[in-house]
$ cat structure.tsv   # TSV, N, CA and C atoms
chain	number	residue	atom	x	y	z
A	295	MET	N	103.52	-97.55	0.67
A	295	MET	CA	103.75	-96.16	0.35
A	295	MET	C	105.25	-95.83	0.29
A	296	TRP	N	106.05	-96.48	1.14
A	296	TRP	CA	107.48	-96.14	1.16
A	296	TRP	C	108.16	-96.44	-0.15
A	297	LYS	N	107.75	-97.52	-0.86
A	297	LYS	CA	108.37	-97.84	-2.15
A	297	LYS	C	108.13	-96.74	-3.17
A	298	GLU	N	106.93	-96.17	-3.18
A	298	GLU	CA	106.58	-95.15	-4.16
A	298	GLU	C	107.37	-93.86	-3.93
A	299	ASN	N	107.80	-93.62	-2.71
A	299	ASN	CA	108.50	-92.38	-2.39
A	299	ASN	C	110.02	-92.47	-2.53
A	300	LEU	N	110.53	-93.63	-2.87
A	300	LEU	CA	111.97	-93.76	-3.06
A	300	LEU	C	112.37	-93.10	-4.38
A	301	ARG	N	113.27	-92.17	-4.32
A	301	ARG	CA	113.76	-91.50	-5.52
A	301	ARG	C	115.28	-91.45	-5.42
A	302	ALA	N	115.95	-92.09	-6.35
A	302	ALA	CA	117.41	-92.08	-6.34
A	302	ALA	C	117.92	-92.17	-7.76
A	303	LYS	N	118.95	-91.42	-8.03
A	303	LYS	CA	119.59	-91.46	-9.33
A	303	LYS	C	120.58	-92.61	-9.33
A	304	PRO	N	120.49	-93.53	-10.27
A	304	PRO	CA	121.44	-94.65	-10.28
A	304	PRO	C	122.84	-94.16	-10.66
A	305	TYR	N	123.83	-94.88	-10.17
A	305	TYR	CA	125.21	-94.59	-10.54
A	305	TYR	C	125.42	-95.00	-12.00
A	306	ARG	N	126.24	-94.23	-12.68
A	306	ARG	CA	126.64	-94.63	-14.03
A	306	ARG	C	127.87	-95.53	-13.91
A	307	THR	N	128.05	-96.43	-14.87
A	307	THR	CA	129.17	-97.37	-14.84
A	307	THR	C	130.49	-96.65	-14.69
A	308	GLU	N	130.65	-95.53	-15.40
A	308	GLU	CA	131.92	-94.78	-15.33
A	308	GLU	C	132.18	-94.28	-13.91
A	309	GLU	N	131.12	-93.85	-13.23
A	309	GLU	CA	131.28	-93.38	-11.85
A	309	GLU	C	131.75	-94.52	-10.94
A	310	LEU	N	131.17	-95.68	-11.12
A	310	LEU	CA	131.53	-96.82	-10.28
A	310	LEU	C	132.95	-97.27	-10.53
A	311	GLU	N	133.39	-97.23	-11.76
A	311	GLU	CA	134.75	-97.66	-12.08
A	311	GLU	C	135.78	-96.63	-11.64
A	312	ARG	N	135.45	-95.36	-11.77
A	312	ARG	CA	136.41	-94.29	-11.51
A	312	ARG	C	136.40	-93.84	-10.04
A	313	GLU	N	135.23	-93.71	-9.45
A	313	GLU	CA	135.12	-93.02	-8.17
A	313	GLU	C	134.95	-93.92	-6.95
A	314	LEU	N	134.59	-95.15	-7.15
A	314	LEU	CA	134.40	-96.04	-6.01
A	314	LEU	C	135.76	-96.59	-5.58
A	315	LYS	N	136.16	-96.20	-4.37
A	315	LYS	CA	137.47	-96.62	-3.86
A	315	LYS	C	137.30	-97.16	-2.45
A	316	VAL	N	138.19	-98.04	-2.07
A	316	VAL	CA	138.17	-98.61	-0.73
A	316	VAL	C	139.49	-98.27	-0.06
A	317	ASP	N	139.42	-97.75	1.15
A	317	ASP	CA	140.62	-97.52	1.95
A	317	ASP	C	140.89	-98.82	2.71
A	318	TRP	N	141.67	-99.69	2.10
A	318	TRP	CA	141.90	-101.02	2.68
A	318	TRP	C	142.64	-100.95	4.00
A	319	ASN	N	143.50	-99.95	4.18
A	319	ASN	CA	144.19	-99.81	5.47
A	319	ASN	C	143.20	-99.51	6.60
A	320	LEU	N	142.28	-98.60	6.35
A	320	LEU	CA	141.26	-98.28	7.34
A	320	LEU	C	140.38	-99.49	7.61
A	321	TRP	N	140.01	-100.20	6.55
A	321	TRP	CA	139.19	-101.40	6.71
A	321	TRP	C	139.91	-102.43	7.57
A	322	GLU	N	141.18	-102.68	7.25
A	322	GLU	CA	141.94	-103.68	7.99
A	322	GLU	C	142.10	-103.28	9.45
A	323	GLU	N	142.34	-102.00	9.72
A	323	GLU	CA	142.45	-101.52	11.10
A	323	GLU	C	141.17	-101.82	11.87
A	324	SER	N	140.01	-101.62	11.24
A	324	SER	CA	138.75	-101.87	11.94
A	324	SER	C	138.55	-103.36	12.21
A	325	ILE	N	139.01	-104.23	11.33
A	325	ILE	CA	138.89	-105.67	11.53
A	325	ILE	C	139.85	-106.12	12.64
A	326	ILE	N	141.06	-105.58	12.64
A	326	ILE	CA	142.07	-105.96	13.63
A	326	ILE	C	141.63	-105.59	15.05
A	327	LYS	N	140.80	-104.56	15.20
A	327	LYS	CA	140.30	-104.18	16.52
A	327	LYS	C	139.56	-105.33	17.19
A	328	PHE	N	139.04	-106.25	16.41
A	328	PHE	CA	138.30	-107.38	16.96
A	328	PHE	C	139.17	-108.62	17.17
A	329	SER	N	140.49	-108.50	16.98
A	329	SER	CA	141.36	-109.67	17.05
A	329	SER	C	141.43	-110.30	18.44
A	330	ASP	N	141.09	-109.55	19.48
A	330	ASP	CA	141.10	-110.11	20.83
A	330	ASP	C	139.84	-110.91	21.14
A	331	TYR	N	138.88	-110.88	20.24
A	331	TYR	CA	137.61	-111.57	20.46
A	331	TYR	C	137.52	-112.81	19.57
A	332	ARG	N	136.69	-113.72	19.96
A	332	ARG	CA	136.46	-114.91	19.14
A	332	ARG	C	135.39	-114.58	18.11
A	333	VAL	N	135.82	-114.09	16.97
A	333	VAL	CA	134.90	-113.66	15.92
A	333	VAL	C	134.54	-114.89	15.07
A	334	ALA	N	133.26	-115.16	14.95
A	334	ALA	CA	132.81	-116.31	14.16
A	334	ALA	C	132.83	-115.99	12.67
A	335	TRP	N	132.28	-114.85	12.30
A	335	TRP	CA	132.23	-114.44	10.89
A	335	TRP	C	132.35	-112.93	10.80
A	336	ILE	N	132.83	-112.50	9.65
A	336	ILE	CA	132.77	-111.09	9.28
A	336	ILE	C	131.63	-110.99	8.27
A	337	GLU	N	130.76	-110.02	8.45
A	337	GLU	CA	129.63	-109.84	7.55
A	337	GLU	C	129.62	-108.40	7.08
A	338	PRO	N	129.89	-108.17	5.78
A	338	PRO	CA	130.01	-106.79	5.29
A	338	PRO	C	128.69	-106.06	5.06
A	339	LYS	N	127.66	-106.43	5.76
A	339	LYS	CA	126.36	-105.77	5.72
A	339	LYS	C	125.75	-105.86	4.32
A	340	SER	N	124.73	-105.11	4.10
A	340	SER	CA	124.01	-105.25	2.83
A	340	SER	C	124.72	-104.54	1.67
A	341	GLU	N	125.95	-104.09	1.88
A	341	GLU	CA	126.73	-103.60	0.75
A	341	GLU	C	126.96	-104.73	-0.26
A	342	THR	N	126.78	-105.95	0.19
A	342	THR	CA	126.87	-107.10	-0.71
A	342	THR	C	125.99	-106.90	-1.93
A	343	ASP	N	124.77	-106.42	-1.72
A	343	ASP	CA	123.84	-106.20	-2.84
A	343	ASP	C	124.40	-105.20	-3.83
A	344	PHE	N	124.88	-104.09	-3.31
A	344	PHE	CA	125.44	-103.04	-4.17
A	344	PHE	C	126.65	-103.55	-4.95
A	345	LEU	N	127.55	-104.24	-4.26
A	345	LEU	CA	128.75	-104.74	-4.93
A	345	LEU	C	128.44	-105.85	-5.92
A	346	ALA	N	127.44	-106.67	-5.64
A	346	ALA	CA	127.09	-107.77	-6.55
A	346	ALA	C	126.63	-107.24	-7.91
A	347	VAL	N	125.94	-106.12	-7.91
A	347	VAL	CA	125.45	-105.58	-9.19
A	347	VAL	C	126.39	-104.56	-9.81
A	348	SER	N	127.37	-104.08	-9.04
A	348	SER	CA	128.20	-103.00	-9.58
A	348	SER	C	129.69	-103.30	-9.63
A	349	ARG	N	130.24	-103.89	-8.59
A	349	ARG	CA	131.69	-104.11	-8.51
A	349	ARG	C	131.99	-105.46	-7.86
A	350	MET	N	131.73	-106.51	-8.59
A	350	MET	CA	131.99	-107.87	-8.09
A	350	MET	C	133.47	-108.02	-7.73
A	351	ASP	N	134.35	-107.29	-8.43
A	351	ASP	CA	135.77	-107.37	-8.12
A	351	ASP	C	136.06	-106.91	-6.69
A	352	PHE	N	135.37	-105.87	-6.22
A	352	PHE	CA	135.54	-105.42	-4.84
A	352	PHE	C	135.00	-106.45	-3.85
A	353	LEU	N	133.88	-107.04	-4.18
A	353	LEU	CA	133.31	-108.06	-3.31
A	353	LEU	C	134.28	-109.23	-3.16
A	354	GLU	N	134.85	-109.68	-4.27
A	354	GLU	CA	135.80	-110.79	-4.21
A	354	GLU	C	137.07	-110.40	-3.45
A	355	GLU	N	137.54	-109.18	-3.64
A	355	GLU	CA	138.73	-108.73	-2.91
A	355	GLU	C	138.43	-108.64	-1.41
A	356	LEU	N	137.25	-108.16	-1.08
A	356	LEU	CA	136.84	-108.09	0.32
A	356	LEU	C	136.85	-109.47	0.96
A	357	LEU	N	136.30	-110.44	0.26
A	357	LEU	CA	136.28	-111.81	0.79
A	357	LEU	C	137.68	-112.39	0.90
A	358	ASP	N	138.54	-112.11	-0.06
A	358	ASP	CA	139.93	-112.56	0.02
A	358	ASP	C	140.62	-111.97	1.24
A	359	ARG	N	140.42	-110.69	1.49
A	359	ARG	CA	141.07	-110.03	2.63
A	359	ARG	C	140.54	-110.55	3.96
A	360	ILE	N	139.24	-110.81	4.02
A	360	ILE	CA	138.67	-111.38	5.24
A	360	ILE	C	139.33	-112.73	5.51
A	361	HIS	N	139.46	-113.54	4.47
A	361	HIS	CA	140.07	-114.86	4.60
A	361	HIS	C	141.54	-114.75	5.00
A	362	GLU	N	142.27	-113.82	4.39
A	362	GLU	CA	143.68	-113.64	4.70
A	362	GLU	C	143.90	-113.26	6.17
A	363	LEU	N	142.93	-112.57	6.77
A	363	LEU	CA	143.04	-112.21	8.19
A	363	LEU	C	142.58	-113.34	9.11
A	364	GLY	N	142.23	-114.47	8.51
A	364	GLY	CA	141.88	-115.65	9.30
A	364	GLY	C	140.43	-115.75	9.73
A	365	HIS	N	139.57	-115.01	9.06
A	365	HIS	CA	138.15	-115.03	9.41
A	365	HIS	C	137.33	-115.71	8.32
A	366	ARG	N	136.13	-116.10	8.70
A	366	ARG	CA	135.16	-116.60	7.73
A	366	ARG	C	134.19	-115.46	7.42
A	367	ALA	N	133.44	-115.59	6.32
A	367	ALA	CA	132.56	-114.49	5.90
A	367	ALA	C	131.15	-114.97	5.60
A	368	LEU	N	130.20	-114.15	5.99
A	368	LEU	CA	128.81	-114.29	5.57
A	368	LEU	C	128.46	-113.05	4.76
A	369	LEU	N	127.62	-113.20	3.77
A	369	LEU	CA	127.22	-112.07	2.94
A	369	LEU	C	125.79	-111.67	3.31
A	370	GLY	N	125.63	-110.44	3.80
A	370	GLY	CA	124.33	-109.92	4.16
A	370	GLY	C	123.63	-109.35	2.94
A	371	SER	N	122.32	-109.55	2.86
A	371	SER	CA	121.59	-109.10	1.68
A	371	SER	C	120.13	-108.82	2.01
A	372	HIS	N	119.63	-107.70	1.49
A	372	HIS	CA	118.20	-107.42	1.53
A	372	HIS	C	117.57	-107.75	0.18
A	373	HIS	N	118.39	-108.03	-0.80
A	373	HIS	CA	117.94	-108.33	-2.17
A	373	HIS	C	118.43	-109.72	-2.57
A	374	ILE	N	118.27	-110.68	-1.67
A	374	ILE	CA	118.84	-112.02	-1.86
A	374	ILE	C	118.34	-112.69	-3.14
A	375	GLY	N	117.09	-112.40	-3.52
A	375	GLY	CA	116.55	-112.99	-4.74
A	375	GLY	C	117.27	-112.53	-5.99
A	376	ALA	N	117.90	-111.37	-5.93
A	376	ALA	CA	118.68	-110.85	-7.06
A	376	ALA	C	120.18	-111.08	-6.86
A	377	SER	N	120.68	-110.87	-5.65
A	377	SER	CA	122.12	-110.95	-5.40
A	377	SER	C	122.67	-112.38	-5.43
A	378	ALA	N	121.96	-113.31	-4.80
A	378	ALA	CA	122.47	-114.69	-4.73
A	378	ALA	C	122.70	-115.29	-6.11
A	379	PRO	N	121.77	-115.15	-7.07
A	379	PRO	CA	122.05	-115.70	-8.40
A	379	PRO	C	123.27	-115.06	-9.07
A	380	LEU	N	123.45	-113.75	-8.89
A	380	LEU	CA	124.63	-113.09	-9.47
A	380	LEU	C	125.92	-113.63	-8.86
A	381	ILE	N	125.92	-113.79	-7.56
A	381	ILE	CA	127.11	-114.28	-6.85
A	381	ILE	C	127.40	-115.73	-7.24
A	382	ARG	N	126.37	-116.53	-7.36
A	382	ARG	CA	126.56	-117.93	-7.78
A	382	ARG	C	127.04	-118.00	-9.24
A	383	GLU	N	126.46	-117.16	-10.08
A	383	GLU	CA	126.83	-117.15	-11.50
A	383	GLU	C	128.30	-116.81	-11.68
A	384	LYS	N	128.81	-115.89	-10.88
A	384	LYS	CA	130.23	-115.49	-10.96
A	384	LYS	C	131.13	-116.44	-10.19
A	385	ARG	N	130.52	-117.44	-9.54
A	385	ARG	CA	131.26	-118.44	-8.77
A	385	ARG	C	132.17	-117.79	-7.71
A	386	VAL	N	131.61	-116.81	-7.02
A	386	VAL	CA	132.34	-116.14	-5.94
A	386	VAL	C	132.64	-117.17	-4.86
A	387	LYS	N	133.87	-117.14	-4.38
A	387	LYS	CA	134.31	-118.12	-3.36
A	387	LYS	C	134.61	-117.41	-2.06
A	388	ARG	N	134.99	-118.20	-1.09
A	388	ARG	CA	135.47	-117.72	0.21
A	388	ARG	C	134.39	-117.05	1.05
A	389	PHE	N	133.16	-117.53	0.94
A	389	PHE	CA	132.14	-117.09	1.90
A	389	PHE	C	131.35	-118.32	2.32
A	390	ASP	N	130.79	-118.23	3.52
A	390	ASP	CA	130.16	-119.40	4.13
A	390	ASP	C	128.64	-119.43	3.99
A	391	GLY	N	128.06	-118.36	3.51
A	391	GLY	CA	126.61	-118.34	3.36
A	391	GLY	C	126.08	-116.93	3.33
A	392	PHE	N	124.76	-116.83	3.30
A	392	PHE	CA	124.09	-115.54	3.25
A	392	PHE	C	123.34	-115.27	4.55
A	393	VAL	N	123.17	-114.00	4.85
A	393	VAL	CA	122.33	-113.54	5.95
A	393	VAL	C	121.30	-112.61	5.32
A	394	THR	N	120.03	-112.89	5.55
A	394	THR	CA	118.98	-112.06	4.97
A	394	THR	C	117.78	-112.06	5.89
A	395	PRO	N	117.01	-110.97	5.89
A	395	PRO	CA	115.83	-110.96	6.74
A	395	PRO	C	114.79	-111.97	6.22
A	396	THR	N	114.17	-112.67	7.14
A	396	THR	CA	113.07	-113.55	6.78
A	396	THR	C	111.92	-113.27	7.74
A	397	ASN	N	110.74	-113.17	7.19
A	397	ASN	CA	109.57	-112.92	8.01
A	397	ASN	C	108.32	-113.25	7.22
A	398	LYS	N	107.27	-113.48	7.92
A	398	LYS	CA	106.01	-113.93	7.31
A	398	LYS	C	105.46	-112.92	6.29
A	399	LEU	N	105.64	-111.63	6.55
A	399	LEU	CA	105.11	-110.61	5.66
A	399	LEU	C	106.00	-110.35	4.44
A	400	GLY	N	107.25	-110.79	4.50
A	400	GLY	CA	108.17	-110.53	3.40
A	400	GLY	C	108.77	-109.14	3.43
A	401	VAL	N	108.73	-108.47	4.59
A	401	VAL	CA	109.27	-107.11	4.72
A	401	VAL	C	110.78	-107.15	4.52
A	402	MET	N	111.28	-106.29	3.66
A	402	MET	CA	112.70	-106.16	3.32
A	402	MET	C	113.27	-107.43	2.70
A	403	MET	N	112.43	-108.28	2.17
A	403	MET	CA	112.87	-109.50	1.48
A	403	MET	C	112.68	-109.28	-0.02
A	404	PHE	N	113.57	-108.50	-0.59
A	404	PHE	CA	113.43	-108.16	-2.01
A	404	PHE	C	114.02	-109.26	-2.88
A	405	GLN	N	113.59	-109.51	-3.93
A	405	GLN	CA	112.50	-108.92	-4.67
A	405	GLN	C	111.16	-109.24	-4.04
A	406	THR	N	110.92	-110.50	-3.79
A	406	THR	CA	109.70	-110.91	-3.10
A	406	THR	C	110.07	-111.97	-2.07
A	407	ARG	N	109.15	-112.24	-1.18
A	407	ARG	CA	109.39	-113.29	-0.18
A	407	ARG	C	109.68	-114.61	-0.87
A	408	ARG	N	108.89	-114.93	-1.88
A	408	ARG	CA	109.06	-116.19	-2.60
A	408	ARG	C	110.44	-116.28	-3.26
A	409	GLU	N	110.88	-115.21	-3.90
A	409	GLU	CA	112.21	-115.19	-4.53
A	409	GLU	C	113.32	-115.33	-3.50
A	410	ALA	N	113.16	-114.66	-2.36
A	410	ALA	CA	114.17	-114.77	-1.30
A	410	ALA	C	114.26	-116.19	-0.78
A	411	GLU	N	113.12	-116.81	-0.53
A	411	GLU	CA	113.13	-118.18	-0.03
A	411	GLU	C	113.68	-119.14	-1.08
A	412	LYS	N	113.35	-118.93	-2.34
A	412	LYS	CA	113.81	-119.78	-3.43
A	412	LYS	C	115.33	-119.70	-3.59
A	413	SER	N	115.92	-118.56	-3.28
A	413	SER	CA	117.37	-118.39	-3.48
A	413	SER	C	118.19	-119.25	-2.53
A	414	TYR	N	117.58	-119.75	-1.46
A	414	TYR	CA	118.28	-120.62	-0.51
A	414	TYR	C	118.35	-122.06	-0.98
A	415	GLN	N	117.56	-122.43	-1.95
A	415	GLN	CA	117.49	-123.83	-2.39
A	415	GLN	C	118.59	-124.17	-3.35

$ encode --input "structure.tsv" --output "structure tokens"
Amino acid sequence: MWKENLRAKPYRTEELERELKVDWNLWEESIIKFSDYRVAWIEPKSETDFLAVSRMDFLEELLDRIHELGHRALLGSHHIGASAPLIREKRVKRFDGFVTPTNKLGVMMFQTRREAEKSYQ
């Protein structure tokens, strides 16, 4: 039932190019707060899915900045069956792997459980 009730207007390409901005200073400040800890990876949450289909340039810049600060990166995804092929096709570098929900029912494993599992191969 929850899928049928989702209603959202998609962004237009012009909106994504013109209005999507990143405050890199604020982002860097938040990463530096963890510099006293032994951070294994930085994972930018499921925004990976959004950036993979809309602004791959931001995703690549994000990974570059994570690397420049001396960290490794994992890419989180709820749409791994769609995002992983896009990321591989663009030959995105500087990340160590994907993080995605896996479960017997396939909950939040978009597109389908089978597609999500196949994207790891």

$ residues_around --input "structure.tsv" --residues "Ala378 in chain A" --least-positions-apart "5" --cutoff "6.5 Å" --atoms "only N, CA and C atoms" --output "JSON, numbers by chain"
{"A": [373, 383, 413]}

$ select_by_dssp --input "structure.tsv" --residues "chain A" --states "strand (DSSP E)" --output "ChimeraX atom specification"
/A:368-370,391-393

$ atom_distance --input "structure.tsv" --atom1 "atom N of Ala376 in chain A" --atom2 "CA of Arg408 in chain A"
10.6 Å

$ select_by_dssp --input "structure.tsv" --residues "range 357-388 of chain A" --states "alpha helix (DSSP H)" --output "PyMOL selection string"
chain A and resi 357-362+374-383

$ axis_aligned_box --input "structure.tsv" --around "range 322-338 of chain A" --padding-each-side "6 Å" --output "AutoDock Vina command-line options"
--center_x 135.6 --center_y -108.9 --center_z 13.1 --size_x 25.8 --size_y 26.8 --size_z 28.1

$ residues_near_point --input "structure.tsv" --point "(117.6, -119.8, -4.5)" --cutoff "8 Å" --atoms "only N, CA and C atoms" --output "short mmCIF file (atom, residue, chain, number, x, y, z; two decimals) with N, CA and C atoms, in the coordinates of the input"
data_model
loop_
_atom_site.label_atom_id
_atom_site.label_comp_id
_atom_site.auth_asym_id
_atom_site.auth_seq_id
_atom_site.Cartn_x
_atom_site.Cartn_y
_atom_site.Cartn_z
N ILE A 374 118.27 -110.68 -1.67
CA ILE A 374 118.84 -112.02 -1.86
C ILE A 374 118.34 -112.69 -3.14
N GLY A 375 117.09 -112.40 -3.52
CA GLY A 375 116.55 -112.99 -4.74
C GLY A 375 117.27 -112.53 -5.99
N ALA A 378 121.96 -113.31 -4.80
CA ALA A 378 122.47 -114.69 -4.73
C ALA A 378 122.70 -115.29 -6.11
N PRO A 379 121.77 -115.15 -7.07
CA PRO A 379 122.05 -115.70 -8.40
C PRO A 379 123.27 -115.06 -9.07
N GLU A 409 110.88 -115.21 -3.90
CA GLU A 409 112.21 -115.19 -4.53
C GLU A 409 113.32 -115.33 -3.50
N ALA A 410 113.16 -114.66 -2.36
CA ALA A 410 114.17 -114.77 -1.30
C ALA A 410 114.26 -116.19 -0.78
N GLU A 411 113.12 -116.81 -0.53
CA GLU A 411 113.13 -118.18 -0.03
C GLU A 411 113.68 -119.14 -1.08
N LYS A 412 113.35 -118.93 -2.34
CA LYS A 412 113.81 -119.78 -3.43
C LYS A 412 115.33 -119.70 -3.59
N SER A 413 115.92 -118.56 -3.28
CA SER A 413 117.37 -118.39 -3.48
C SER A 413 118.19 -119.25 -2.53
N TYR A 414 117.58 -119.75 -1.46
CA TYR A 414 118.28 -120.62 -0.51
C TYR A 414 118.35 -122.06 -0.98
N GLN A 415 117.56 -122.43 -1.95
CA GLN A 415 117.49 -123.83 -2.39
C GLN A 415 118.59 -124.17 -3.35
#

$ closest_residue --input "structure.tsv" --among "A:Thr307, A:Asn397, A:Ser329, A:Ser324" --to "Arg349 in chain A" --atoms "only C-alpha atoms"
A:Thr307

$ residues_around --input "structure.tsv" --residues "Ala346 in chain A" --least-positions-apart "2" --cutoff "8 Å" --atoms "only N, CA and C atoms" --output "list in words"
Glu341, Thr342, Asp343, Phe344, Ser348, Arg349, Met350, Asp351, Phe352, Leu353, Ala376, Ser377, Ala378, Leu380 and Ile381 of chain A

$ atom_distance --input "structure.tsv" --atom1 "atom C of Glu323 in chain A" --atom2 "CA of Leu363 in chain A"
11.2 Å

$ closest_residue --input "structure.tsv" --among "A:Met403, A:Lys303, A:Arg385, A:Glu354" --to "Ser371 in chain A" --atoms "all atoms listed in the file"
A:Met403

$ atom_distance --input "structure.tsv" --atom1 "CA of Glu337 in chain A" --atom2 "CA of Ala367 in chain A"
5.7 Å

$ residues_around --input "structure.tsv" --residues "Val333 in chain A" --least-positions-apart "4" --cutoff "7 Å" --atoms "all atoms listed in the file" --output "NGL selection string"
:A and (328-329 or 365-366)
